[in-house]
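S.K.: Input entry39.txt, format and content: compact mmCIF, C-alpha atoms and all ligand atoms.
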```
# COMPACT_ATOMS: atom_id res chain seq x y z
CA MET M 1 151.58 120.41 171.59
CA LYS M 2 153.95 118.81 169.08
CA GLU M 3 153.65 119.73 165.45
CA THR M 4 152.42 116.94 163.16
CA LYS M 5 155.12 115.12 161.20
CA LYS M 6 155.88 116.57 157.77
CA LEU M 7 154.65 114.59 154.77
CA ASN M 8 156.99 112.76 152.45
CA LEU M 9 156.52 114.65 149.15
CA THR M 10 159.64 113.41 147.36
CA LYS M 11 157.95 112.31 144.15
CA SER M 12 155.75 115.40 143.93
CA LEU M 13 158.81 117.63 144.25
CA GLU M 14 160.79 115.60 141.70
CA LEU M 15 157.92 115.79 139.21
CA PHE M 16 157.64 119.51 139.82
CA ASP M 17 161.36 120.04 139.14
CA GLU M 18 160.88 118.23 135.86
CA ALA M 19 157.69 120.17 135.10
CA LEU M 20 159.48 123.49 135.56
CA LYS M 21 161.54 122.66 132.46
CA LEU M 22 158.48 121.67 130.44
CA ILE M 23 155.56 123.84 131.46
CA PRO M 24 155.73 127.56 132.29
CA GLY M 25 155.69 127.76 136.09
CA GLY M 26 155.52 123.96 136.30
CA VAL M 27 151.76 123.93 136.79
CA LEU M 28 149.35 126.49 135.33
CA GLY M 29 146.94 128.73 137.20
CA ALA M 30 145.29 128.01 140.53
CA ARG M 31 146.96 124.62 140.98
CA LYS M 32 150.46 126.06 141.34
CA PRO M 33 152.29 125.35 144.63
CA THR M 34 152.33 129.02 145.67
CA ASP M 35 148.54 128.91 145.89
CA PHE M 36 148.90 126.32 148.65
CA ILE M 37 151.83 126.12 151.10
CA GLN M 38 155.07 125.35 149.35
CA GLY M 39 156.86 122.29 150.63
CA GLU M 40 153.82 121.15 152.63
CA TYR M 41 151.18 120.34 150.02
CA PRO M 42 151.54 117.70 147.34
CA ILE M 43 151.80 119.05 143.79
CA PHE M 44 150.72 115.94 141.90
CA LEU M 45 147.90 113.57 142.72
CA GLU M 46 147.66 109.96 141.72
CA GLU M 47 144.01 109.13 142.27
CA GLY M 48 140.71 110.00 143.87
CA LYS M 49 137.82 107.88 145.11
CA GLY M 50 134.76 109.12 146.97
CA CYS M 51 135.96 112.05 149.08
CA ARG M 52 139.54 110.78 149.26
CA LEU M 53 142.66 111.66 147.30
CA ILE M 54 146.01 109.88 147.13
CA ASP M 55 149.06 111.82 146.01
CA VAL M 56 151.98 110.47 143.97
CA ASP M 57 153.91 109.72 147.19
CA GLY M 58 151.05 107.61 148.55
CA ASN M 59 149.76 110.13 151.11
CA GLU M 60 146.01 109.91 151.56
CA TYR M 61 143.69 112.86 152.23
CA ILE M 62 140.06 113.54 152.99
CA ASP M 63 139.42 116.20 150.39
CA PHE M 64 137.48 119.44 150.76
CA LEU M 65 138.42 121.17 147.52
CA CYS M 66 136.43 118.73 145.34
CA GLY M 67 138.47 119.39 142.19
CA TYR M 68 137.84 123.16 142.74
CA GLY M 69 134.10 122.52 142.76
CA PRO M 70 132.98 120.09 140.06
CA ILE M 71 132.99 117.03 142.33
CA ILE M 72 129.50 117.16 143.82
CA LEU M 73 129.05 113.39 144.26
CA GLY M 74 132.57 112.06 144.73
CA TYR M 75 135.62 111.08 142.74
CA ARG M 76 135.19 108.10 140.41
CA GLU M 77 131.44 107.91 140.86
CA GLU M 78 130.69 104.62 139.15
CA GLU M 79 127.20 105.32 137.82
CA VAL M 80 128.38 108.49 136.11
CA ASP M 81 131.60 107.01 134.78
CA ASN M 82 129.82 103.85 133.56
CA ALA M 83 127.33 105.94 131.55
CA VAL M 84 130.27 107.70 129.93
CA ILE M 85 132.19 104.47 129.31
CA ASP M 86 129.11 102.89 127.68
CA GLN M 87 128.95 105.78 125.26
CA ILE M 88 132.66 105.54 124.45
CA ARG M 89 132.43 101.78 123.85
CA ASN M 90 129.11 101.60 122.07
CA LYS M 91 128.48 104.77 120.11
CA GLY M 92 131.34 107.25 120.18
CA PHE M 93 131.30 110.83 121.34
CA CYS M 94 133.15 113.10 118.91
CA LEU M 95 131.17 112.96 115.69
CA ASP M 96 130.62 115.38 112.82
CA LEU M 97 127.23 116.47 114.12
CA THR M 98 125.47 116.77 117.47
CA GLN M 99 124.23 113.69 119.29
CA PRO M 100 120.74 114.05 120.78
CA PHE M 101 121.71 114.46 124.46
CA GLN M 102 121.74 118.26 124.31
CA ASN M 103 117.95 118.43 124.10
CA ALA M 104 117.42 116.20 127.13
CA LEU M 105 119.93 118.21 129.16
CA ALA M 106 118.41 121.54 128.10
CA LYS M 107 114.94 120.30 129.11
CA LYS M 108 116.25 119.30 132.53
CA ILE M 109 117.97 122.63 133.14
CA ILE M 110 114.88 124.54 132.01
CA GLU M 111 112.87 122.48 134.49
CA LEU M 112 115.25 123.18 137.38
CA VAL M 113 116.76 126.65 136.97
CA PRO M 114 114.25 129.50 137.39
CA SER M 115 115.80 131.85 134.79
CA ALA M 116 116.33 129.16 132.14
CA GLU M 117 114.03 129.25 129.13
CA MET M 118 116.75 128.20 126.67
CA CYS M 119 120.31 126.88 127.07
CA ALA M 120 123.60 127.07 125.20
CA PHE M 121 126.25 124.51 126.11
CA LEU M 122 129.96 125.25 126.24
CA LYS M 123 132.93 123.71 128.00
CA THR M 124 134.35 125.93 130.74
CA GLY M 125 133.01 128.53 133.15
CA SER M 126 135.13 131.18 131.41
CA ASP M 127 133.60 130.23 128.03
CA ALA M 128 130.14 130.68 129.45
CA THR M 129 130.63 133.92 131.40
CA SER M 130 132.25 135.45 128.30
CA ALA M 131 129.39 134.21 126.12
CA SER M 132 126.85 135.73 128.52
CA ILE M 133 128.54 139.13 128.25
CA ARG M 134 128.64 138.87 124.48
CA ILE M 135 124.93 138.02 124.39
CA ALA M 136 124.13 140.97 126.69
CA ARG M 137 126.22 143.36 124.59
CA ALA M 138 124.70 142.15 121.32
CA HIS M 139 121.18 142.30 122.73
CA THR M 140 121.41 145.78 124.25
CA GLY M 141 123.82 147.35 121.77
CA ARG M 142 125.75 148.65 124.81
CA VAL M 143 129.30 147.99 125.92
CA LYS M 144 129.78 148.56 129.64
CA VAL M 145 129.69 145.80 132.22
CA MET M 146 129.41 145.85 136.02
CA ARG M 147 130.91 142.78 137.61
CA CYS M 148 131.18 141.24 141.07
CA GLY M 149 133.15 138.05 141.69
CA TYR M 150 135.59 135.81 139.84
CA HIS M 151 134.35 135.04 136.33
CA GLY M 152 137.32 133.24 134.81
CA TRP M 153 140.50 133.94 132.88
CA HIS M 154 139.24 135.79 129.80
CA GLU M 155 140.29 139.31 128.81
CA TRP M 156 137.33 141.27 130.13
CA CYS M 157 137.53 140.00 133.73
CA VAL M 158 140.83 138.36 134.68
CA GLU M 159 142.77 140.02 137.52
CA MET M 160 146.24 139.68 135.98
CA LYS M 161 146.25 142.04 133.03
CA GLY M 162 149.49 140.90 131.34
CA GLY M 163 149.05 140.59 127.57
CA ILE M 164 145.60 142.21 127.52
CA PRO M 165 145.07 145.52 125.70
CA GLU M 166 143.30 147.99 128.01
CA LYS M 167 140.51 148.52 125.51
CA LEU M 168 139.36 144.96 126.16
CA TYR M 169 138.55 145.65 129.82
CA GLU M 170 138.26 149.44 130.12
CA ASP M 171 134.46 149.23 129.98
CA VAL M 172 134.25 146.77 132.85
CA TYR M 173 133.69 148.12 136.39
CA GLU M 174 133.91 146.12 139.58
CA PHE M 175 131.61 146.37 142.58
CA HIS M 176 131.76 144.62 145.94
CA TYR M 177 129.30 141.99 147.00
CA ASN M 178 126.63 143.41 149.32
CA ASP M 179 127.56 147.00 148.42
CA LEU M 180 124.40 148.19 146.68
CA ASP M 181 125.34 151.86 147.10
CA GLN M 182 128.53 151.31 145.13
CA LEU M 183 126.63 149.66 142.28
CA GLU M 184 123.98 152.39 142.38
CA ASP M 185 126.68 155.08 142.05
CA LEU M 186 128.20 153.23 139.11
CA MET M 187 124.83 152.85 137.44
CA LYS M 188 124.03 156.55 137.96
CA LYS M 189 127.18 157.33 135.97
CA HIS M 190 127.11 154.55 133.38
CA GLY M 191 123.68 152.88 133.60
CA ASP M 192 122.44 154.00 130.18
CA GLN M 193 125.53 152.45 128.56
CA THR M 194 125.55 149.28 130.67
CA ALA M 195 124.90 146.02 128.85
CA ALA M 196 125.19 143.67 131.82
CA ILE M 197 125.51 143.39 135.54
CA ILE M 198 127.21 140.06 136.20
CA MET M 199 127.62 138.78 139.72
CA THR M 200 127.84 135.70 141.86
CA PRO M 201 124.48 135.61 143.68
CA PHE M 202 126.23 134.21 146.75
CA GLY M 203 129.35 136.09 147.81
CA HIS M 204 132.57 134.12 147.44
CA PRO M 205 135.20 136.81 146.82
CA LEU M 206 138.75 135.59 146.27
CA HIS M 207 140.68 134.83 149.47
CA GLN M 208 137.98 136.42 151.63
CA LYS M 209 135.15 135.40 153.90
CA MET M 210 132.05 134.16 152.10
CA GLN M 211 128.93 136.31 152.29
CA GLU M 212 125.24 135.63 152.09
CA PRO M 213 123.23 138.49 150.58
CA LYS M 214 122.16 141.20 153.01
CA PRO M 215 118.39 141.65 153.09
CA GLY M 216 117.39 143.51 149.95
CA PHE M 217 120.78 143.27 148.21
CA LEU M 218 119.82 140.84 145.44
CA GLU M 219 116.42 142.52 145.00
CA GLY M 220 118.18 145.91 144.86
CA VAL M 221 120.55 144.74 142.11
CA ARG M 222 117.59 143.29 140.21
CA ALA M 223 115.78 146.64 140.46
CA LEU M 224 118.84 148.57 139.25
CA ALA M 225 119.24 146.27 136.24
CA ASP M 226 115.55 146.80 135.38
CA LYS M 227 115.70 150.55 135.91
CA TYR M 228 118.61 150.98 133.51
CA GLY M 229 117.68 148.24 131.05
CA ALA M 230 120.81 146.17 131.74
CA VAL M 231 120.88 142.38 131.50
CA LEU M 232 121.29 140.78 134.94
CA VAL M 233 123.59 137.75 134.75
CA TYR M 234 124.11 135.40 137.69
CA ASP M 235 127.43 133.61 137.60
CA GLU M 236 126.32 130.37 139.24
CA VAL M 237 129.36 128.37 138.15
CA ARG M 238 129.98 127.37 141.79
CA THR M 239 126.50 127.64 143.26
CA CYS M 240 124.20 125.86 140.81
CA PHE M 241 123.63 122.18 141.63
CA ARG M 242 125.26 122.90 145.00
CA MET M 243 123.20 125.45 146.95
CA SER M 244 120.11 124.04 145.28
CA LEU M 245 119.29 122.29 142.01
CA GLY M 246 118.08 125.68 140.84
CA GLY M 247 121.21 127.44 142.08
CA ALA M 248 121.42 130.39 144.43
CA GLN M 249 118.58 131.97 142.43
CA GLY M 250 116.36 129.06 143.44
CA TYR M 251 117.61 129.30 147.01
CA TYR M 252 117.22 133.08 147.46
CA GLY M 253 114.24 133.55 145.15
CA VAL M 254 115.62 136.32 142.93
CA THR M 255 115.71 135.53 139.21
CA PRO M 256 118.29 136.97 136.78
CA ASP M 257 117.92 137.32 133.01
CA LEU M 258 120.83 135.03 132.17
CA SER M 259 122.59 132.40 134.25
CA VAL M 260 125.96 130.77 133.87
CA LEU M 261 126.29 127.24 135.19
CA GLY M 262 129.21 124.84 135.25
CA LYS M 263 131.23 122.99 137.87
CA GLY M 264 128.83 120.80 139.92
CA MET M 265 126.55 119.70 137.11
CA ALA M 266 128.59 116.83 135.63
CA ASN M 267 130.69 115.57 138.56
CA GLY M 268 133.96 116.56 136.93
CA TYR M 269 133.29 116.34 133.20
CA ALA M 270 133.85 119.63 131.39
CA ILE M 271 130.60 121.35 130.51
CA SER M 272 129.17 124.81 131.11
CA VAL M 273 125.91 126.52 130.24
CA VAL M 274 124.50 129.91 129.50
CA ALA M 275 120.80 129.74 130.19
CA GLY M 276 118.20 132.46 130.21
CA LYS M 277 115.24 134.27 128.82
CA ARG M 278 114.22 133.26 125.34
CA ASP M 279 114.55 136.70 123.69
CA LEU M 280 118.06 137.14 125.06
CA MET M 281 119.12 133.62 124.20
CA MET M 282 117.81 134.00 120.66
CA THR M 283 120.43 136.72 120.23
CA ALA M 284 123.00 133.93 120.50
CA ALA M 285 121.49 132.26 117.43
CA SER M 286 121.02 135.37 115.31
CA LYS M 287 123.94 137.68 116.08
CA LEU M 288 126.74 135.60 117.58
CA PHE M 289 129.07 132.83 116.59
CA ILE M 290 129.58 130.54 119.59
CA SER M 291 131.37 127.40 118.55
CA SER M 292 134.14 125.00 119.39
CA THR M 293 135.21 121.69 117.93
CA PHE M 294 134.62 120.23 121.37
CA PHE M 295 131.32 121.84 122.44
CA GLY M 296 129.45 118.99 120.79
CA ASN M 297 131.42 116.22 122.47
CA SER M 298 128.65 114.17 124.06
CA LEU M 299 130.46 112.72 127.10
CA PRO M 300 129.91 115.69 129.42
CA TYR M 301 126.22 115.84 128.45
CA ILE M 302 125.86 112.19 129.41
CA ALA M 303 127.76 112.77 132.64
CA ALA M 304 125.59 115.81 133.43
CA LEU M 305 122.34 113.93 132.75
CA LYS M 306 123.45 111.06 134.97
CA THR M 307 124.77 113.37 137.71
CA ILE M 308 121.54 115.37 137.81
CA GLU M 309 119.53 112.12 137.82
CA ILE M 310 121.48 111.01 140.92
CA LEU M 311 121.21 114.44 142.56
CA GLU M 312 117.43 114.28 142.23
CA ARG M 313 116.92 110.56 142.90
CA ASP M 314 119.10 110.39 146.01
CA LYS M 315 118.23 113.86 147.31
CA VAL M 316 121.94 114.55 147.37
CA LEU M 317 121.70 118.25 148.16
CA ASP M 318 119.43 117.59 151.16
CA ASN M 319 122.07 115.16 152.37
CA ILE M 320 124.86 117.72 151.89
CA TRP M 321 122.92 120.49 153.62
CA ALA M 322 121.92 118.32 156.59
CA LYS M 323 125.33 116.81 157.34
CA GLY M 324 127.05 120.08 156.40
CA GLU M 325 124.99 122.09 158.87
CA ARG M 326 125.72 119.60 161.65
CA PHE M 327 129.41 119.72 160.73
CA LEU M 328 129.63 123.52 160.56
CA LYS M 329 127.97 123.85 163.99
CA LYS M 330 130.70 121.65 165.44
CA VAL M 331 133.43 123.53 163.57
CA GLN M 332 132.07 126.82 164.91
CA ALA M 333 132.08 125.43 168.46
CA VAL M 334 135.72 124.39 168.01
CA ILE M 335 136.68 127.77 166.56
CA ASP M 336 135.04 129.50 169.54
CA LYS M 337 137.41 127.65 171.90
CA TYR M 338 140.50 129.40 170.55
CA ASP M 339 141.55 133.01 170.43
CA VAL M 340 143.49 132.95 167.17
CA GLY M 341 141.27 135.05 164.90
CA ALA M 342 139.82 132.07 163.02
CA GLU M 343 136.45 132.70 161.36
CA LEU M 344 133.97 130.39 159.72
CA SER M 345 131.84 131.71 156.85
CA GLY M 346 129.62 130.31 154.12
CA VAL M 347 126.81 127.79 154.03
CA ALA M 348 126.76 124.02 154.45
CA PRO M 349 127.66 123.06 150.84
CA MET M 350 130.50 125.60 150.63
CA PHE M 351 132.34 127.14 153.59
CA PHE M 352 135.63 128.81 154.40
CA ILE M 353 137.86 129.06 157.47
CA THR M 354 139.77 132.33 157.30
CA PHE M 355 141.88 134.26 159.80
CA ARG M 356 141.25 137.88 160.65
CA VAL M 357 143.89 140.49 161.25
CA GLY M 358 144.08 141.31 164.97
CA GLU M 359 143.16 144.71 166.35
CA ASP M 360 146.82 145.73 166.19
CA GLY M 361 146.66 145.16 162.40
CA ASN M 362 149.33 142.44 162.56
CA ARG M 363 149.12 140.87 159.09
CA GLN M 364 152.25 138.81 159.62
CA LEU M 365 150.66 137.04 162.59
CA ARG M 366 147.56 136.31 160.56
CA ARG M 367 149.68 134.87 157.78
CA GLU M 368 151.65 132.67 160.21
CA ARG M 369 148.51 131.40 161.89
CA ARG M 370 146.85 130.60 158.59
CA GLN M 371 149.98 128.86 157.35
CA ALA M 372 150.36 126.83 160.56
CA PHE M 373 146.68 125.85 160.56
CA PHE M 374 146.56 124.59 156.99
CA THR M 375 149.99 122.98 157.32
CA GLU M 376 148.77 120.99 160.32
CA LEU M 377 145.63 119.97 158.45
CA ILE M 378 147.41 118.77 155.32
CA ARG M 379 149.97 116.87 157.40
CA LYS M 380 147.12 115.15 159.24
CA GLY M 381 145.57 114.17 155.89
CA PHE M 382 142.88 116.84 155.35
CA PHE M 383 143.04 118.63 152.02
CA PHE M 384 141.83 122.20 152.52
CA ALA M 385 143.14 125.05 150.36
CA PRO M 386 144.47 127.97 152.44
CA HIS M 387 143.20 130.57 149.97
CA HIS M 388 140.03 128.98 148.61
CA HIS M 389 136.83 127.95 150.33
CA ALA M 390 135.94 124.32 150.92
CA TYR M 391 133.11 122.18 149.58
CA ILE M 392 131.21 119.24 151.02
CA CYS M 393 130.30 116.46 148.60
CA TYR M 394 127.90 113.52 148.76
CA ARG M 395 130.60 110.98 149.62
CA HIS M 396 131.79 112.73 152.78
CA THR M 397 130.48 110.51 155.55
CA GLU M 398 129.52 111.60 159.06
CA GLU M 399 132.63 109.75 160.21
CA ASP M 400 134.86 111.69 157.77
CA LEU M 401 133.36 114.94 158.99
CA GLU M 402 133.76 113.93 162.63
CA LYS M 403 137.45 113.20 162.03
CA THR M 404 137.74 116.58 160.32
CA VAL M 405 136.26 118.42 163.32
CA GLN M 406 138.83 116.67 165.51
CA ALA M 407 141.68 117.64 163.16
CA ILE M 408 140.50 121.27 163.06
CA ASP M 409 140.39 121.28 166.86
CA GLU M 410 143.95 119.92 167.17
CA SER M 411 145.25 122.26 164.47
CA LEU M 412 143.77 125.33 166.15
CA ALA M 413 145.19 124.20 169.51
CA TYR M 414 148.60 124.02 167.83
CA VAL M 415 148.14 127.50 166.31
CA GLN M 416 147.13 128.97 169.67
CA GLU M 417 150.13 127.46 171.42
CA THR M 418 152.60 128.42 168.68
CA TYR M 419 151.23 131.83 167.69
CA PRO M 420 149.42 133.31 170.70
CA GLY M 421 148.13 136.89 170.37
C1 LIG M 501 132.16 131.83 139.82
C2 LIG M 501 133.05 131.37 138.73
N1 LIG M 501 132.87 131.82 137.48
C3 LIG M 501 133.64 131.43 136.45
C4 LIG M 501 134.69 130.57 136.66
C5 LIG M 501 135.55 130.15 135.51
O1 LIG M 501 135.35 128.81 135.26
P1 LIG M 501 136.47 127.93 134.52
O2 LIG M 501 137.63 127.85 135.48
O3 LIG M 501 135.81 126.63 134.27
O4 LIG M 501 136.84 128.66 133.26
C6 LIG M 501 134.92 130.06 137.95
C7 LIG M 501 136.04 129.15 138.20
O5 LIG M 501 136.48 128.95 139.30
C8 LIG M 501 134.09 130.48 139.01
O6 LIG M 501 134.28 130.03 140.24
```
Go ahead and render the structure in this file as structure tokens.
M.R.:
Amino acid sequence: MKETKKLNLTKSLELFDEALKLIPGGVLGARKPTDFIQGEYPIFLEEGKGCRLIDVDGNEYIDFLCGYGPIILGYREEEVDNAVIDQIRNKGFCLDLTQPFQNALAKKIIELVPSAEMCAFLKTGSDATSASIRIARAHTGRVKVMRCGYHGWHEWCVEMKGGIPEKLYEDVYEFHYNDLDQLEDLMKKHGDQTAAIIMTPFGHPLHQKMQEPKPGFLEGVRALADKYGAVLVYDEVRTCFRMSLGGAQGYYGVTPDLSVLGKGMANGYAISVVAGKRDLMMTAASKLFISSTFFGNSLPYIAALKTIEILERDKVLDNIWAKGERFLKKVQAVIDKYDVGAELSGVAPMFFITFRVGEDGNRQLRRERRQAFFTELIRKGFFFAPHHHAYICYRHTEEDLEKTVQAIDESLAYVQETYPG
């Protein structure tokens, strides 16, 4: 089987050369070329519409990264953007004081998210996870934190420790998703000093297979938090408004004390939330200063209200689950045809194709297979990130998903032929 023709990325590469002189590393954080496959993926995009992206060289893709998660409906969703544009044109959005949208949005979140009795609105997921930890520490008068999952780029939780004094993270301990024994051991040692257990309620560890909770895992964590008097925080930045309108807590039926929401709720506009029990949330008003010039900017509130209205009105999540489950069944059937170590994990709204290391422990072969697979996909016009799970959004049609199954099939056939075991 012939490899698919390489993309023309001339403009992307030119812009990147220029960016290297202007911006450290050319592009910050998770969007840097080394997080994809250098020389194969575009680095700059021109536009998005529905589930499609066009890069600066004019290559078109069916997208499965969805802006790293916020795009739940689709790019340039007119109803949402029009609501925002109306506000810009008619009333303005950056005023001295708060515009009334925050109350309406808080009411909606309290209605939908089981743990939410009050809400505080911020801008990014990192803002909100950090605020949740500060609330838990202020409320309990304790310092230690148990964490499981990616919670953003702030001092207490980021993986790369450059520039961060150890004292800012030395009280933070990590446990693995679905490893209740590990958390129990940690709590035996530190439980009486633990302010918070923060975790993603659905397992999406970096670069690894996604995991649903083992029976009893979420209930076990809940019980440990209660036993030791720690605040249980669910980081639902990726899962809320995606797994269900009430997040993974609504889906799995275990309720935390605080929840952090973000990504999917405003179809791309920057807003995040800490929501939770009233007594805990009141700590935010009495003991903490949580503020930013831009937290009051009303555009993301309007976008969130409109996005949630559409999610409810058009039963968007039912649509995503139904077509996603049909799609994943087909993807699994395709994966089963090939002996290349490919594995499918996750649930219909968010899934990941990873490659396992063979029995001989050959990591190089796994790397080559992964690289060849995602290279084939991007060349064929399917935007999957090699190191990050995929999302399905409302605007993916059955036809888009059918084409994607076909492309995955051809790409795996190529991998099998080029990198047999
Ligand atoms: C689970 C989770 N928590 C927190 C964050 C941080 O959010 P942000 O990148 O908006 O700061 C992310 C971002 O990917 C996330 O996935």
S.K.: Could I get the residues of chain M with an atom no further than 9 Å from an atom of ligand LIG 501 (chain M), each paired with its nearest atom pair and that distance in Å to one decimal, using only C-alpha atoms and all ligand atoms, sorted by chain and residue number, as CSV?
M.R.:
```
residue,atom,partner,partner_atom,distance
M:Ala30,CA,M:LIG501,O5,8.9
M:Tyr68,CA,M:LIG501,O5,6.9
M:Gly69,CA,M:LIG501,O5,7.7
M:Lys123,CA,M:LIG501,O3,7.5
M:Thr124,CA,M:LIG501,O3,3.9
M:Gly125,CA,M:LIG501,O1,3.2
M:Ser126,CA,M:LIG501,O4,3.6
M:Asp127,CA,M:LIG501,O4,6.3
M:Ala128,CA,M:LIG501,C3,7.9
M:Thr129,CA,M:LIG501,C3,6.4
M:Gly149,CA,M:LIG501,C1,6.6
M:Tyr150,CA,M:LIG501,C2,5.2
M:His151,CA,M:LIG501,C3,3.7
M:Gly152,CA,M:LIG501,C5,3.6
M:Trp153,CA,M:LIG501,O4,6.4
M:His154,CA,M:LIG501,O4,8.3
M:Met199,CA,M:LIG501,C1,8.3
M:Thr200,CA,M:LIG501,C1,6.1
M:His204,CA,M:LIG501,C1,8.0
M:Asp235,CA,M:LIG501,C1,5.5
M:Glu236,CA,M:LIG501,C1,6.0
M:Val237,CA,M:LIG501,C1,4.8
M:Arg238,CA,M:LIG501,O6,5.3
M:Thr239,CA,M:LIG501,C1,7.8
M:Val260,CA,M:LIG501,N1,7.9
M:Leu261,CA,M:LIG501,N1,8.3
M:Gly262,CA,M:LIG501,O3,6.9
M:Lys263,CA,M:LIG501,O3,6.9
M:Ala270,CA,M:LIG501,O3,7.8
M:Ile271,CA,M:LIG501,O3,8.3
M:Ser272,CA,M:LIG501,O3,7.6
```
S.K.: With distances taken over all atoms listed in the file, which residue among M:Glu78, M:Glu47, M:Asp17, M:Asp409 lies nearest Ala333 of chain M?
M.R.: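 Counting all atoms listed in the file, the residue closest to Ala333 of chain M is M:Asp409.
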S.K.: Identify the residues around (149.5, 129.8, 162.1) within a radius of 12 Å, measuring from all atoms listed in the file in the coordinates stated by the file, and give them as a compact mmCIF listing (two decimals) with C-alpha atoms, in the coordinates of the input.
M.R.:
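As written to disk, result30.txt reads:
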```
# COMPACT_ATOMS: atom_id res chain seq x y z
CA GLU M 3 153.65 119.73 165.45
CA ILE M 37 151.83 126.12 151.10
CA ASP M 339 141.55 133.01 170.43
CA VAL M 340 143.49 132.95 167.17
CA GLY M 341 141.27 135.05 164.90
CA ALA M 342 139.82 132.07 163.02
CA THR M 354 139.77 132.33 157.30
CA PHE M 355 141.88 134.26 159.80
CA ARG M 356 141.25 137.88 160.65
CA ARG M 363 149.12 140.87 159.09
CA GLN M 364 152.25 138.81 159.62
CA LEU M 365 150.66 137.04 162.59
CA ARG M 366 147.56 136.31 160.56
CA ARG M 367 149.68 134.87 157.78
CA GLU M 368 151.65 132.67 160.21
CA ARG M 369 148.51 131.40 161.89
CA ARG M 370 146.85 130.60 158.59
CA GLN M 371 149.98 128.86 157.35
CA ALA M 372 150.36 126.83 160.56
CA PHE M 373 146.68 125.85 160.56
CA PHE M 374 146.56 124.59 156.99
CA THR M 375 149.99 122.98 157.32
CA GLU M 376 148.77 120.99 160.32
CA LEU M 377 145.63 119.97 158.45
CA PRO M 386 144.47 127.97 152.44
CA SER M 411 145.25 122.26 164.47
CA LEU M 412 143.77 125.33 166.15
CA ALA M 413 145.19 124.20 169.51
CA TYR M 414 148.60 124.02 167.83
CA VAL M 415 148.14 127.50 166.31
CA GLN M 416 147.13 128.97 169.67
CA GLU M 417 150.13 127.46 171.42
CA THR M 418 152.60 128.42 168.68
CA TYR M 419 151.23 131.83 167.69
CA PRO M 420 149.42 133.31 170.70
CA GLY M 421 148.13 136.89 170.37
```
S.K.: Kindly give the distance, in Å, that separates atom CA of His207 of chain M and atom CA of Glu410 of chain M, rounded to a single decimal.
M.R.: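 Between atom CA of His207 of chain M and atom CA of Glu410 of chain M the gap is 23.4 Å.
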S.K.: Compile the contact shell of Glu399 of chain M as a compact mmCIF listing (two decimals) with C-alpha atoms, in the coordinates of the input: residues with an atom at most 12 Å away, counting only C-alpha atoms, same-chain residues fewer than 6 positions apart removed.
M.R.:
```txt
# COMPACT_ATOMS: atom_id res chain seq x y z
CA CYS M 51 135.96 112.05 149.08
CA ILE M 62 140.06 113.54 152.99
CA LYS M 323 125.33 116.81 157.34
CA PHE M 327 129.41 119.72 160.73
CA VAL M 405 136.26 118.42 163.32
CA GLN M 406 138.83 116.67 165.51
```
S.K.: The residues within 6 Å of (126.7, 151.9, 127.3), using only C-alpha atoms and the coordinates of the file, should be reported as a PyMOL selection string; which are they?
M.R.: chain M and resi 142-144+192-194
